[in-house]
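J.: Sending over query-v9.tsv (TSV, C-alpha atoms).
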```
chain	number	residue	atom	x	y	z
L	1	MET	CA	-38.63	-3.14	-27.14
L	2	ASP	CA	-39.84	-5.99	-29.29
L	3	ILE	CA	-43.49	-5.57	-30.08
L	4	ARG	CA	-44.00	-9.25	-29.23
L	5	THR	CA	-42.87	-8.78	-25.64
L	6	PRO	CA	-45.88	-9.45	-23.44
L	7	ILE	CA	-47.33	-6.26	-22.00
L	8	PRO	CA	-47.28	-6.09	-18.19
L	9	THR	CA	-50.61	-4.96	-16.82
L	10	ASN	CA	-51.99	-3.91	-13.46
L	11	GLY	CA	-52.77	-7.52	-12.67
L	12	GLY	CA	-49.14	-8.60	-13.20
L	13	ASP	CA	-47.86	-10.47	-16.24
L	14	TRP	CA	-50.95	-12.12	-17.69
L	15	LEU	CA	-48.89	-14.49	-19.79
L	16	THR	CA	-47.10	-16.12	-16.86
L	17	LYS	CA	-50.33	-16.21	-14.88
L	18	PHE	CA	-52.71	-17.49	-17.53
L	19	GLY	CA	-50.48	-18.78	-20.37
L	20	GLU	CA	-51.03	-22.44	-19.55
L	21	THR	CA	-54.77	-21.96	-18.98
L	22	TRP	CA	-55.12	-20.23	-22.33
L	23	LYS	CA	-53.16	-22.95	-24.13
L	24	ALA	CA	-55.38	-25.67	-22.65
L	25	GLN	CA	-58.49	-23.67	-23.48
L	26	ALA	CA	-57.38	-23.12	-27.07
L	27	GLU	CA	-56.78	-26.85	-27.48
L	28	ALA	CA	-60.18	-27.65	-25.96
L	29	LEU	CA	-61.89	-25.19	-28.28
L	30	ARG	CA	-60.22	-26.66	-31.37
L	31	GLN	CA	-61.27	-30.17	-30.34
L	32	LYS	CA	-64.83	-29.23	-29.53
L	33	PHE	CA	-65.61	-26.99	-32.50
L	34	GLY	CA	-63.04	-28.07	-35.10
L	35	GLY	CA	-63.70	-26.21	-38.34
L	36	ALA	CA	-65.82	-23.53	-36.67
L	37	ILE	CA	-62.62	-22.11	-35.15
L	38	GLU	CA	-60.81	-20.31	-37.98
L	39	GLU	CA	-57.70	-19.34	-36.12
L	40	ILE	CA	-56.42	-18.71	-32.57
L	41	ARG	CA	-53.78	-16.04	-32.04
L	42	MET	CA	-51.87	-16.58	-28.79
L	43	PRO	CA	-50.04	-13.80	-26.89
L	44	PRO	CA	-46.34	-14.68	-27.22
L	45	ASP	CA	-46.56	-15.36	-30.95
L	46	TYR	CA	-48.81	-12.44	-31.79
L	47	PRO	CA	-48.72	-8.89	-30.36
L	48	THR	CA	-51.79	-9.14	-28.18
L	49	ASP	CA	-52.38	-9.21	-24.43
L	50	VAL	CA	-55.03	-11.95	-24.52
L	51	PRO	CA	-55.74	-14.76	-26.99
L	52	ILE	CA	-57.89	-13.89	-29.98
L	53	VAL	CA	-60.21	-16.63	-31.16
L	54	TYR	CA	-61.49	-16.20	-34.71
L	55	VAL	CA	-64.81	-18.00	-35.06
L	56	ARG	CA	-66.91	-18.69	-38.14
L	57	LYS	CA	-69.94	-16.46	-38.27
L	58	GLU	CA	-72.51	-19.27	-38.10
L	59	ALA	CA	-71.06	-20.80	-34.94
L	60	VAL	CA	-70.46	-17.70	-32.86
L	61	ALA	CA	-73.51	-17.95	-30.57
L	62	GLU	CA	-72.72	-21.58	-29.89
L	63	VAL	CA	-69.05	-20.86	-29.11
L	64	LEU	CA	-69.95	-17.94	-26.86
L	65	ALA	CA	-72.49	-20.04	-24.94
L	66	HIS	CA	-69.80	-22.71	-24.47
L	67	LEU	CA	-67.26	-20.11	-23.28
L	68	LYS	CA	-69.80	-18.76	-20.84
L	69	SER	CA	-71.00	-21.94	-19.17
L	70	ASP	CA	-68.44	-24.71	-19.70
L	71	PRO	CA	-66.49	-25.43	-16.46
L	72	ALA	CA	-63.19	-25.31	-18.38
L	73	PHE	CA	-63.82	-21.70	-19.47
L	74	GLU	CA	-66.41	-19.87	-17.32
L	75	TYR	CA	-66.11	-16.52	-19.08
L	76	GLY	CA	-69.33	-15.38	-17.47
L	77	PHE	CA	-69.00	-11.65	-18.08
L	78	LEU	CA	-69.39	-9.94	-21.43
L	79	SER	CA	-67.20	-6.83	-21.11
L	80	ASP	CA	-68.14	-5.36	-24.45
L	81	ILE	CA	-69.01	-5.99	-28.05
L	82	THR	CA	-67.43	-3.75	-30.63
L	83	ALA	CA	-66.29	-3.95	-34.22
L	84	THR	CA	-63.59	-2.79	-36.58
L	85	ASP	CA	-63.82	-1.72	-40.20
L	86	GLU	CA	-60.79	-3.31	-41.87
L	87	MET	CA	-61.58	-2.11	-45.43
L	88	THR	CA	-60.61	-5.59	-46.67
L	89	ASP	CA	-62.62	-8.63	-47.64
L	90	PRO	CA	-64.38	-9.58	-45.38
L	91	ARG	CA	-64.81	-6.00	-44.34
L	92	PHE	CA	-65.75	-6.12	-40.65
L	93	GLU	CA	-64.55	-7.87	-37.52
L	94	VAL	CA	-67.01	-8.07	-34.65
L	95	VAL	CA	-65.13	-8.28	-31.34
L	96	TYR	CA	-66.44	-9.91	-28.19
L	97	ASN	CA	-64.40	-9.16	-25.04
L	98	LEU	CA	-65.04	-11.70	-22.31
L	99	PHE	CA	-63.95	-11.78	-18.68
L	100	SER	CA	-63.97	-14.62	-16.17
L	101	HIS	CA	-64.93	-13.75	-12.63
L	102	VAL	CA	-63.77	-17.24	-11.62
L	103	ARG	CA	-60.22	-17.17	-13.01
L	104	PHE	CA	-59.84	-13.38	-13.39
L	105	ASN	CA	-58.63	-13.63	-16.96
L	106	ARG	CA	-59.87	-12.42	-20.29
L	107	ILE	CA	-60.32	-13.73	-23.80
L	108	ARG	CA	-61.30	-12.12	-27.06
L	109	VAL	CA	-63.55	-13.65	-29.71
L	110	LYS	CA	-63.67	-12.20	-33.22
L	111	VAL	CA	-66.02	-12.84	-36.10
L	112	ARG	CA	-65.37	-11.75	-39.66
L	113	ALA	CA	-68.33	-10.47	-41.63
L	114	ARG	CA	-68.76	-9.07	-45.12
L	115	ASP	CA	-70.64	-5.84	-45.76
L	116	GLY	CA	-74.36	-6.59	-45.58
L	117	GLU	CA	-73.95	-9.95	-43.88
L	118	ALA	CA	-75.77	-10.58	-40.60
L	119	VAL	CA	-74.03	-12.01	-37.54
L	120	PRO	CA	-76.00	-14.25	-35.14
L	121	THR	CA	-77.00	-12.37	-32.00
L	122	ALA	CA	-75.38	-13.06	-28.63
L	123	SER	CA	-78.33	-11.60	-26.73
L	124	SER	CA	-79.66	-15.08	-26.08
L	125	VAL	CA	-76.40	-15.86	-24.26
L	126	TRP	CA	-75.96	-12.54	-22.45
L	127	PRO	CA	-78.95	-10.18	-22.17
L	128	ALA	CA	-76.35	-7.38	-21.93
L	129	ALA	CA	-75.45	-8.05	-25.57
L	130	ASN	CA	-78.71	-6.41	-26.58
L	131	TRP	CA	-77.56	-2.80	-26.25
L	132	ALA	CA	-73.95	-3.56	-27.21
L	133	GLU	CA	-75.15	-5.05	-30.51
L	134	ARG	CA	-77.44	-2.09	-31.07
L	135	GLU	CA	-74.40	0.16	-30.72
L	136	VAL	CA	-72.40	-1.92	-33.22
L	137	PHE	CA	-75.35	-1.78	-35.61
L	138	ASP	CA	-75.65	1.98	-35.14
L	139	MET	CA	-71.95	2.69	-35.66
L	140	PHE	CA	-71.06	0.10	-38.33
L	141	GLY	CA	-74.34	-1.05	-39.87
L	142	ILE	CA	-73.68	-4.69	-39.04
L	143	ARG	CA	-76.99	-6.49	-38.60
L	144	PHE	CA	-77.49	-9.12	-35.90
L	145	GLU	CA	-79.72	-12.01	-36.82
L	146	GLY	CA	-82.31	-12.84	-34.18
L	147	HIS	CA	-81.80	-9.62	-32.23
L	148	PRO	CA	-85.07	-8.71	-30.45
L	149	ASP	CA	-84.91	-4.93	-31.03
L	150	LEU	CA	-82.27	-3.81	-33.51
L	151	ARG	CA	-82.65	-0.02	-33.54
L	152	ARG	CA	-80.14	2.81	-33.42
L	153	ILE	CA	-79.06	3.54	-29.86
L	154	LEU	CA	-76.67	6.53	-30.04
L	155	MET	CA	-77.44	8.48	-33.19
L	156	ASP	CA	-80.74	10.10	-34.11
L	157	GLU	CA	-83.19	7.64	-35.64
L	158	ARG	CA	-83.32	9.79	-38.78
L	159	TRP	CA	-79.54	9.52	-39.27
L	160	VAL	CA	-78.34	8.27	-42.63
L	161	GLY	CA	-75.23	6.08	-42.68
L	162	HIS	CA	-73.05	4.61	-39.98
L	163	PRO	CA	-70.43	7.00	-38.58
L	164	LEU	CA	-67.65	4.60	-37.54
L	165	ARG	CA	-67.32	3.11	-40.99
L	166	LYS	CA	-64.05	4.17	-42.55
L	167	ASP	CA	-65.82	5.65	-45.58
L	168	TYR	CA	-68.08	7.89	-43.46
L	169	PRO	CA	-66.84	11.52	-43.68
L	170	LEU	CA	-65.47	12.77	-40.36
L	171	LYS	CA	-67.44	15.99	-40.70
L	172	GLY	CA	-70.59	14.43	-42.10
L	173	TYR	CA	-72.91	16.52	-39.98
L	174	GLN	CA	-76.62	15.77	-39.98
L	175	ILE	CA	-78.37	18.22	-37.73
L	176	PHE	CA	-81.97	17.68	-36.69
L	177	THR	CA	-83.56	20.49	-34.69
L	178	ASP	CA	-87.03	18.97	-34.39
L	179	ALA	CA	-87.46	16.45	-31.62
L	180	GLU	CA	-87.78	12.81	-32.56
L	181	VAL	CA	-91.31	11.49	-32.74
L	182	ILE	CA	-91.28	8.75	-30.14
L	183	HIS	CA	-94.85	7.51	-30.61
L	184	PRO	CA	-96.00	8.43	-34.13
L	185	GLU	CA	-99.22	6.46	-33.65
L	186	LEU	CA	-100.34	9.00	-31.05
L	187	LEU	CA	-100.09	11.97	-33.42
L	188	ASP	CA	-103.18	13.57	-34.94
L	189	LYS	CA	-103.84	12.14	-38.38
L	190	GLY	CA	-104.07	14.43	-41.37
G	1	MET	CA	-99.12	60.50	-20.94
G	2	SER	CA	-99.97	63.55	-23.09
G	3	LYS	CA	-103.11	65.62	-22.71
G	4	ASP	CA	-104.61	64.19	-25.89
G	5	GLY	CA	-104.36	60.69	-24.44
G	6	SER	CA	-101.54	59.37	-26.66
G	7	LEU	CA	-99.18	57.01	-24.92
G	8	GLY	CA	-96.00	57.94	-26.87
G	9	TYR	CA	-93.74	59.25	-24.16
G	10	LEU	CA	-95.06	57.07	-21.35
G	11	THR	CA	-94.75	53.74	-23.20
G	12	THR	CA	-91.09	54.25	-23.96
G	13	ARG	CA	-90.41	55.14	-20.37
G	14	LEU	CA	-92.58	52.22	-19.22
G	15	GLN	CA	-90.63	49.90	-21.51
G	16	ASP	CA	-87.41	51.15	-19.95
G	17	ALA	CA	-88.79	50.49	-16.49
G	18	ILE	CA	-89.85	46.98	-17.48
G	19	ASN	CA	-86.44	46.28	-19.03
G	20	TRP	CA	-84.76	47.59	-15.89
G	21	GLY	CA	-86.79	45.10	-13.92
G	22	ARG	CA	-86.01	42.30	-16.35
G	23	LYS	CA	-82.30	42.88	-16.39
G	24	ASN	CA	-82.08	42.81	-12.61
G	25	SER	CA	-84.11	39.66	-12.12
G	26	LEU	CA	-82.83	37.18	-14.68
G	27	TRP	CA	-83.86	33.64	-13.80
G	28	PRO	CA	-81.28	31.31	-15.31
G	29	LEU	CA	-81.85	27.79	-16.54
G	30	PRO	CA	-78.46	26.06	-16.22
G	31	PHE	CA	-77.95	23.87	-19.28
G	32	GLY	CA	-74.60	22.55	-18.09
G	33	THR	CA	-73.30	19.58	-20.07
G	34	SER	CA	-69.53	19.61	-19.42
G	35	CYS	CA	-66.71	21.30	-17.53
G	36	CYS	CA	-68.25	24.73	-18.28
G	37	GLY	CA	-71.11	23.57	-16.08
G	38	ILE	CA	-68.69	23.26	-13.17
G	39	GLU	CA	-67.48	26.83	-13.71
G	40	MET	CA	-71.09	27.95	-13.91
G	41	MET	CA	-71.77	26.28	-10.55
G	42	ALA	CA	-68.76	28.12	-9.12
G	43	THR	CA	-70.19	31.35	-10.49
G	44	LEU	CA	-73.51	30.66	-8.79
G	45	ALA	CA	-71.89	29.66	-5.50
G	46	SER	CA	-70.90	31.99	-2.69
G	47	ASP	CA	-67.36	32.96	-3.83
G	48	TYR	CA	-68.52	34.66	-7.03
G	49	ASP	CA	-72.19	34.89	-6.09
G	50	MET	CA	-74.25	35.64	-9.18
G	51	ALA	CA	-77.04	36.67	-6.79
G	52	ARG	CA	-75.32	40.07	-6.62
G	53	PHE	CA	-76.74	40.71	-10.08
G	54	GLY	CA	-80.20	39.43	-9.33
G	55	ALA	CA	-79.69	36.11	-11.09
G	56	GLU	CA	-79.79	33.70	-8.19
G	57	ALA	CA	-83.19	32.10	-8.80
G	58	ILE	CA	-82.06	28.98	-10.67
G	59	ARG	CA	-84.95	27.22	-12.35
G	60	PHE	CA	-84.71	23.78	-13.89
G	61	SER	CA	-88.00	24.18	-15.71
G	62	PRO	CA	-87.87	26.23	-18.92
G	63	ARG	CA	-91.37	27.50	-18.11
G	64	GLN	CA	-90.01	29.40	-15.13
G	65	ALA	CA	-86.73	30.67	-16.55
G	66	ASP	CA	-85.85	33.51	-18.90
G	67	LEU	CA	-82.08	33.10	-19.21
G	68	LEU	CA	-80.72	29.96	-20.84
G	69	ILE	CA	-77.03	29.43	-19.97
G	70	VAL	CA	-75.72	26.79	-22.34
G	71	ALA	CA	-72.52	25.68	-20.62
G	72	GLY	CA	-70.78	22.90	-22.45
G	73	ILE	CA	-70.67	20.71	-25.51
G	74	ILE	CA	-73.93	20.12	-27.38
G	75	ASN	CA	-74.02	16.94	-29.44
G	76	THR	CA	-76.11	16.76	-32.59
G	77	LYS	CA	-78.47	14.41	-30.78
G	78	MET	CA	-78.87	17.03	-28.03
G	79	ALA	CA	-79.81	19.74	-30.56
G	80	PRO	CA	-83.56	18.92	-30.70
G	81	ILE	CA	-83.66	18.86	-26.89
G	82	LEU	CA	-81.95	22.24	-26.65
G	83	LYS	CA	-84.36	23.63	-29.26
G	84	THR	CA	-87.34	22.25	-27.33
G	85	VAL	CA	-86.10	23.77	-24.07
G	86	TYR	CA	-85.63	27.12	-25.79
G	87	ASP	CA	-89.08	26.96	-27.38
G	88	GLN	CA	-90.67	26.15	-24.03
G	89	MET	CA	-89.27	29.27	-22.39
G	90	SER	CA	-91.68	32.17	-22.48
G	91	ASP	CA	-90.71	35.51	-24.04
G	92	PRO	CA	-88.65	37.50	-23.39
G	93	LYS	CA	-85.88	34.93	-23.19
G	94	PHE	CA	-82.13	35.35	-23.34
G	95	VAL	CA	-79.31	32.96	-24.19
G	96	ILE	CA	-75.70	32.95	-23.02
G	97	SER	CA	-73.43	30.59	-24.93
G	98	MET	CA	-70.71	29.72	-22.44
G	99	GLY	CA	-67.37	28.35	-23.60
G	100	ALA	CA	-65.76	27.30	-26.86
G	101	CYS	CA	-67.86	24.14	-27.37
G	102	ALA	CA	-71.24	25.83	-27.08
G	103	SER	CA	-70.09	28.79	-29.18
G	104	SER	CA	-68.35	26.97	-32.03
G	105	GLY	CA	-68.00	23.27	-31.33
G	106	GLY	CA	-64.56	23.96	-29.82
G	107	ILE	CA	-61.99	21.30	-30.54
G	108	PHE	CA	-64.69	18.80	-31.53
G	109	ASN	CA	-64.99	19.29	-35.27
G	110	VAL	CA	-66.71	15.94	-35.92
G	111	TYR	CA	-70.03	14.60	-37.15
G	112	SER	CA	-71.45	14.11	-33.66
G	113	VAL	CA	-71.02	17.65	-32.29
G	114	LEU	CA	-73.06	20.76	-33.04
G	115	GLN	CA	-70.77	23.45	-34.48
G	116	GLY	CA	-72.06	26.21	-32.23
G	117	ILE	CA	-75.52	26.38	-30.69
G	118	ASP	CA	-76.31	29.40	-32.87
G	119	THR	CA	-76.98	26.90	-35.66
G	120	THR	CA	-80.05	25.91	-33.63
G	121	ILE	CA	-81.12	28.78	-31.35
G	122	PRO	CA	-80.36	32.53	-31.34
G	123	VAL	CA	-77.58	33.54	-28.94
G	124	ASP	CA	-77.29	36.93	-27.24
G	125	VAL	CA	-73.89	36.75	-25.54
G	126	TYR	CA	-70.93	34.47	-26.22
G	127	VAL	CA	-68.31	33.73	-23.58
G	128	PRO	CA	-64.91	32.60	-24.89
G	129	GLY	CA	-62.77	30.21	-22.90
G	130	CYS	CA	-62.26	26.52	-22.34
G	131	PRO	CA	-63.79	26.72	-19.82
G	132	PRO	CA	-64.28	30.42	-19.10
G	133	ALA	CA	-63.41	31.57	-15.60
G	134	PRO	CA	-66.37	32.61	-13.42
G	135	GLU	CA	-65.41	36.23	-14.05
G	136	GLY	CA	-66.06	35.57	-17.73
G	137	LEU	CA	-69.59	34.43	-17.07
G	138	LEU	CA	-70.20	37.36	-14.73
G	139	ASN	CA	-68.98	39.70	-17.45
G	140	ALA	CA	-71.32	38.01	-19.91
G	141	LEU	CA	-74.19	38.53	-17.50
G	142	LEU	CA	-73.37	42.24	-17.23
G	143	ARG	CA	-73.15	42.57	-21.02
G	144	LEU	CA	-76.49	40.77	-21.28
G	145	GLN	CA	-77.97	43.20	-18.75
G	146	ASP	CA	-76.81	46.07	-20.94
G	147	LYS	CA	-78.48	44.48	-23.96
G	148	VAL	CA	-81.69	43.81	-22.06
G	149	ALA	CA	-81.77	47.43	-20.86
G	150	ARG	CA	-81.40	48.58	-24.47
G	151	GLY	CA	-84.03	46.08	-25.61
G	152	ASP	CA	-81.43	44.73	-28.01
G	153	THR	CA	-81.66	40.98	-27.44
G	154	HIS	CA	-83.01	38.63	-30.13
G	155	SER	CA	-86.14	37.93	-28.16
G	156	GLN	CA	-86.92	41.58	-27.39
G	157	ARG	CA	-86.38	42.62	-31.00
G	158	ARG	CA	-88.67	39.80	-32.10
G	159	MET	CA	-91.31	40.96	-29.62
G	160	ALA	CA	-91.01	44.54	-30.87
G	161	GLU	CA	-91.43	43.40	-34.47
G	162	ALA	CA	-94.44	41.33	-33.52
G	163	ALA	CA	-95.96	44.30	-31.69
G	164	LYS	CA	-95.57	46.38	-34.84
G	165	GLY	CA	-97.22	43.63	-36.84
G	166	ASN	CA	-94.17	42.99	-38.99
G	167	ILE	CA	-94.03	39.31	-38.07
G	168	ALA	CA	-97.06	37.18	-37.52
G	169	ARG	CA	-96.51	35.83	-34.04
G	170	LEU	CA	-93.74	34.98	-31.65
```
Written as structure tokens, how would this file's structure read?

T.:
Amino acid sequence: MDIRTPIPTNGGDWLTKFGETWKAQAEALRQKFGGAIEEIRMPPDYPTDVPIVYVRKEAVAEVLAHLKSDPAFEYGFLSDITATDEMTDPRFEVVYNLFSHVRFNRIRVKVRARDGEAVPTASSVWPAANWAEREVFDMFGIRFEGHPDLRRILMDERWVGHPLRKDYPLKGYQIFTDAEVIHPELLDKG
Amino acid sequence: MSKDGSLGYLTTRLQDAINWGRKNSLWPLPFGTSCCGIEMMATLASDYDMARFGAEAIRFSPRQADLLIVAGIINTKMAPILKTVYDQMSDPKFVISMGACASSGGIFNVYSVLQGIDTTIPVDVYVPGCPPAPEGLLNALLRLQDKVARGDTHSQRRMAEAAKGNIARL
């Protein structure tokens, strides 16, 4: 089977159902944001089930807000935010998976970021992005500019490093047997 | 008790009587985190009926339990919680490590999983299996009863050392 053959899913063939919608949406995005859209990878030409929109880092919050509320898009639901460590330059890709409860289709937004660079937060667009971005920060060490509470969410707060980075050792155990101090200000001084 | 008032013979016998009581009234705290927890529930339920061995009083507060059954995978982030639960139990306290994950990390040899709970707390009896059948856990309980009767568990040995003054306190 050719890898480019569209993948049938539980909801039927997404390409025949949403192909035209996606094409129109890609065109609308290019017209609206111009240079802020780096690249759009469409399903039949690229082995993916949904279009991937590469957005410049600075414009991502704006693009996401547009995708959420514009009547031509209406991707109101943020499925997940995750990231990949590509070990190239730029090193990371932050991935936003969006779903439309109006049209029942999906789209994927990606942002490339170098090591140490901060990505604008999406928590002003979706409050649910708060914890998802904390997880990305915890696992990859990607900082989100403007995030209200960027702390580790999965690993211990004393953890050193970010385990889903490709250069983190698989067996890099860090075992803490004392409980975390949740409110250090309440401890006895001295 | 001897005529001169020394307690030598009586205390050993008394200790045996206390240990007999302890071994037949273990109060388990079920620390079930995965599929081993399901097998543990089956062991506690009527088909296998752990109550036959005097261990039916399940307590979810470490203050009221003396047998910690760690059934399932313990992540590194769970380690401080497990340690706290163990510390909160009053002596004498016993630990059964149930299943491959609790005993050695099992198939999860990665940064996020504790490689055996004995890196964090002392374990008296290990149960192999993934997950162990209820018979395995029952067997572990019987082996633990033997150890308790002998006074051979970690906690009892620690108490004996403390009573002799060899270690400062429990």

J.: Which neighbours of range 50-62 of chain L fall inside 7 Å, counting only C-alpha atoms, when residues of the same chain fewer than 5 positions from it are skipped, and could you give them as an mmCIF file with C-alpha atoms, in the coordinates of the input?

T.:
```
data_model
loop_
_atom_site.group_PDB
_atom_site.id
_atom_site.type_symbol
_atom_site.label_atom_id
_atom_site.label_comp_id
_atom_site.auth_asym_id
_atom_site.auth_seq_id
_atom_site.Cartn_x
_atom_site.Cartn_y
_atom_site.Cartn_z
ATOM 1 C CA ALA L 36 -65.820 -23.530 -36.670
ATOM 2 C CA ILE L 37 -62.620 -22.110 -35.150
ATOM 3 C CA GLU L 38 -60.810 -20.310 -37.980
ATOM 4 C CA GLU L 39 -57.700 -19.340 -36.120
ATOM 5 C CA ILE L 40 -56.420 -18.710 -32.570
ATOM 6 C CA ARG L 41 -53.780 -16.040 -32.040
ATOM 7 C CA MET L 42 -51.870 -16.580 -28.790
ATOM 8 C CA PRO L 43 -50.040 -13.800 -26.890
ATOM 9 C CA ARG L 106 -59.870 -12.420 -20.290
ATOM 10 C CA ILE L 107 -60.320 -13.730 -23.800
ATOM 11 C CA ARG L 108 -61.300 -12.120 -27.060
ATOM 12 C CA VAL L 109 -63.550 -13.650 -29.710
ATOM 13 C CA LYS L 110 -63.670 -12.200 -33.220
ATOM 14 C CA VAL L 111 -66.020 -12.840 -36.100
ATOM 15 C CA ARG L 112 -65.370 -11.750 -39.660
ATOM 16 C CA VAL L 119 -74.030 -12.010 -37.540
ATOM 17 C CA PRO L 120 -76.000 -14.250 -35.140
ATOM 18 C CA THR L 121 -77.000 -12.370 -32.000
ATOM 19 C CA ALA L 122 -75.380 -13.060 -28.630
#
```

J.: Could you please determine the separation between CA of Pro169 in chain L and CA of Asn109 in chain G in Å, to one decimal place?

T.: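 According to the coordinates, CA of Pro169 in chain L and CA of Asn109 in chain G are separated by 11.6 Å.
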
J.: Can you measure CA of Ser69 in chain L to CA of Phe18 in chain L for me? One decimal in Å is fine.

T.: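 Answer for the CA of Ser69 in chain L to CA of Phe18 in chain L separation: 18.9 Å.
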
J.: Pick out the chain G residues within 9 Å of chain L. Count only C-alpha atoms. Give them as an mmCIF file with C-alpha atoms, in the coordinates of the input.

T.:
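Saved as selection-v3.cif:
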```cif
data_model
loop_
_atom_site.group_PDB
_atom_site.id
_atom_site.type_symbol
_atom_site.label_atom_id
_atom_site.label_comp_id
_atom_site.auth_asym_id
_atom_site.auth_seq_id
_atom_site.Cartn_x
_atom_site.Cartn_y
_atom_site.Cartn_z
ATOM 1 C CA THR G 76 -76.110 16.760 -32.590
ATOM 2 C CA LYS G 77 -78.470 14.410 -30.780
ATOM 3 C CA MET G 78 -78.870 17.030 -28.030
ATOM 4 C CA ALA G 79 -79.810 19.740 -30.560
ATOM 5 C CA PRO G 80 -83.560 18.920 -30.700
ATOM 6 C CA ILE G 81 -83.660 18.860 -26.890
ATOM 7 C CA LEU G 82 -81.950 22.240 -26.650
ATOM 8 C CA LYS G 83 -84.360 23.630 -29.260
ATOM 9 C CA THR G 84 -87.340 22.250 -27.330
ATOM 10 C CA ASN G 109 -64.990 19.290 -35.270
ATOM 11 C CA VAL G 110 -66.710 15.940 -35.920
ATOM 12 C CA TYR G 111 -70.030 14.600 -37.150
ATOM 13 C CA SER G 112 -71.450 14.110 -33.660
ATOM 14 C CA VAL G 113 -71.020 17.650 -32.290
ATOM 15 C CA LEU G 114 -73.060 20.760 -33.040
ATOM 16 C CA THR G 120 -80.050 25.910 -33.630
#
```

J.: For the atom pair CA of Phe60 in chain G and CA of Ser104 in chain G, what is the interatomic distance in Å to one decimal place?

T.: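 The value is 24.6 Å.
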
J.: Hey, what's within 7 Å of Pro90 in chain L if we count all atoms listed in the file and toss same-chain stuff fewer than 2 positions away? As a PyMOL selection string, please?

T.: chain L and resi 88+92+112-114

J.: Store the residues of this selection in a file with C-alpha atoms, as a compact mmCIF listing (two decimals), keeping the file's coordinate frame.

T.:
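After the write, again_12.txt holds the following:
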```
# COMPACT_ATOMS: atom_id res chain seq x y z
CA THR L 88 -60.61 -5.59 -46.67
CA PHE L 92 -65.75 -6.12 -40.65
CA ARG L 112 -65.37 -11.75 -39.66
CA ALA L 113 -68.33 -10.47 -41.63
CA ARG L 114 -68.76 -9.07 -45.12
```

J.: Ranking G:Gly37, G:Gly54, G:Gly72, G:Gly129 by minimum distance to Ser25 in chain G and counting only C-alpha atoms, which one comes first?

T.: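 Distance minimum relative to Ser25 in chain G lands on G:Gly54.
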
J.: Restricting the calculation to all atoms listed in the file, which member of L:Asp167, L:Gly141, L:Ala118, L:Pro44 is positioned closest to Met87 in chain L?

T.: L:Asp167

J.: When distances are computed from only C-alpha atoms, which of G:Val148, G:Val127, G:Ile117, G:Met40 shows the smallest separation from Leu26 in chain G?

T.: G:Val148

J.: May I ask which of the residues G:Leu138, G:Asp152, G:Val85, G:Leu14 is the closest one to Leu44 in chain G, counting only C-alpha atoms?

T.: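 Among the listed residues, the smallest separation from Leu44 in chain G belongs to G:Leu138.
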
J.: Can you work out which one of G:Pro62, G:Gly32, G:Gly21, G:Gly151 has the shortest atom-to-atom distance to Asp124 in chain G, counting all atoms listed in the file?

T.: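 Closest residue, counting all atoms listed in the file: G:Gly151.
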
J.: Hey, what's within 9 Å of Gly106 in chain G if we count only C-alpha atoms and toss same-chain stuff fewer than 6 positions away? As a VMD selection string, please?

T.: chain G and resid 73 99 to 100 115 to 116 130

J.: Ranking L:Phe73, L:Glu145, L:Ile81, L:Arg152 by minimum distance to Lys23 in chain L and counting only C-alpha atoms, which one comes first?

T.: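 Smallest distance to Lys23 in chain L is found for L:Phe73.
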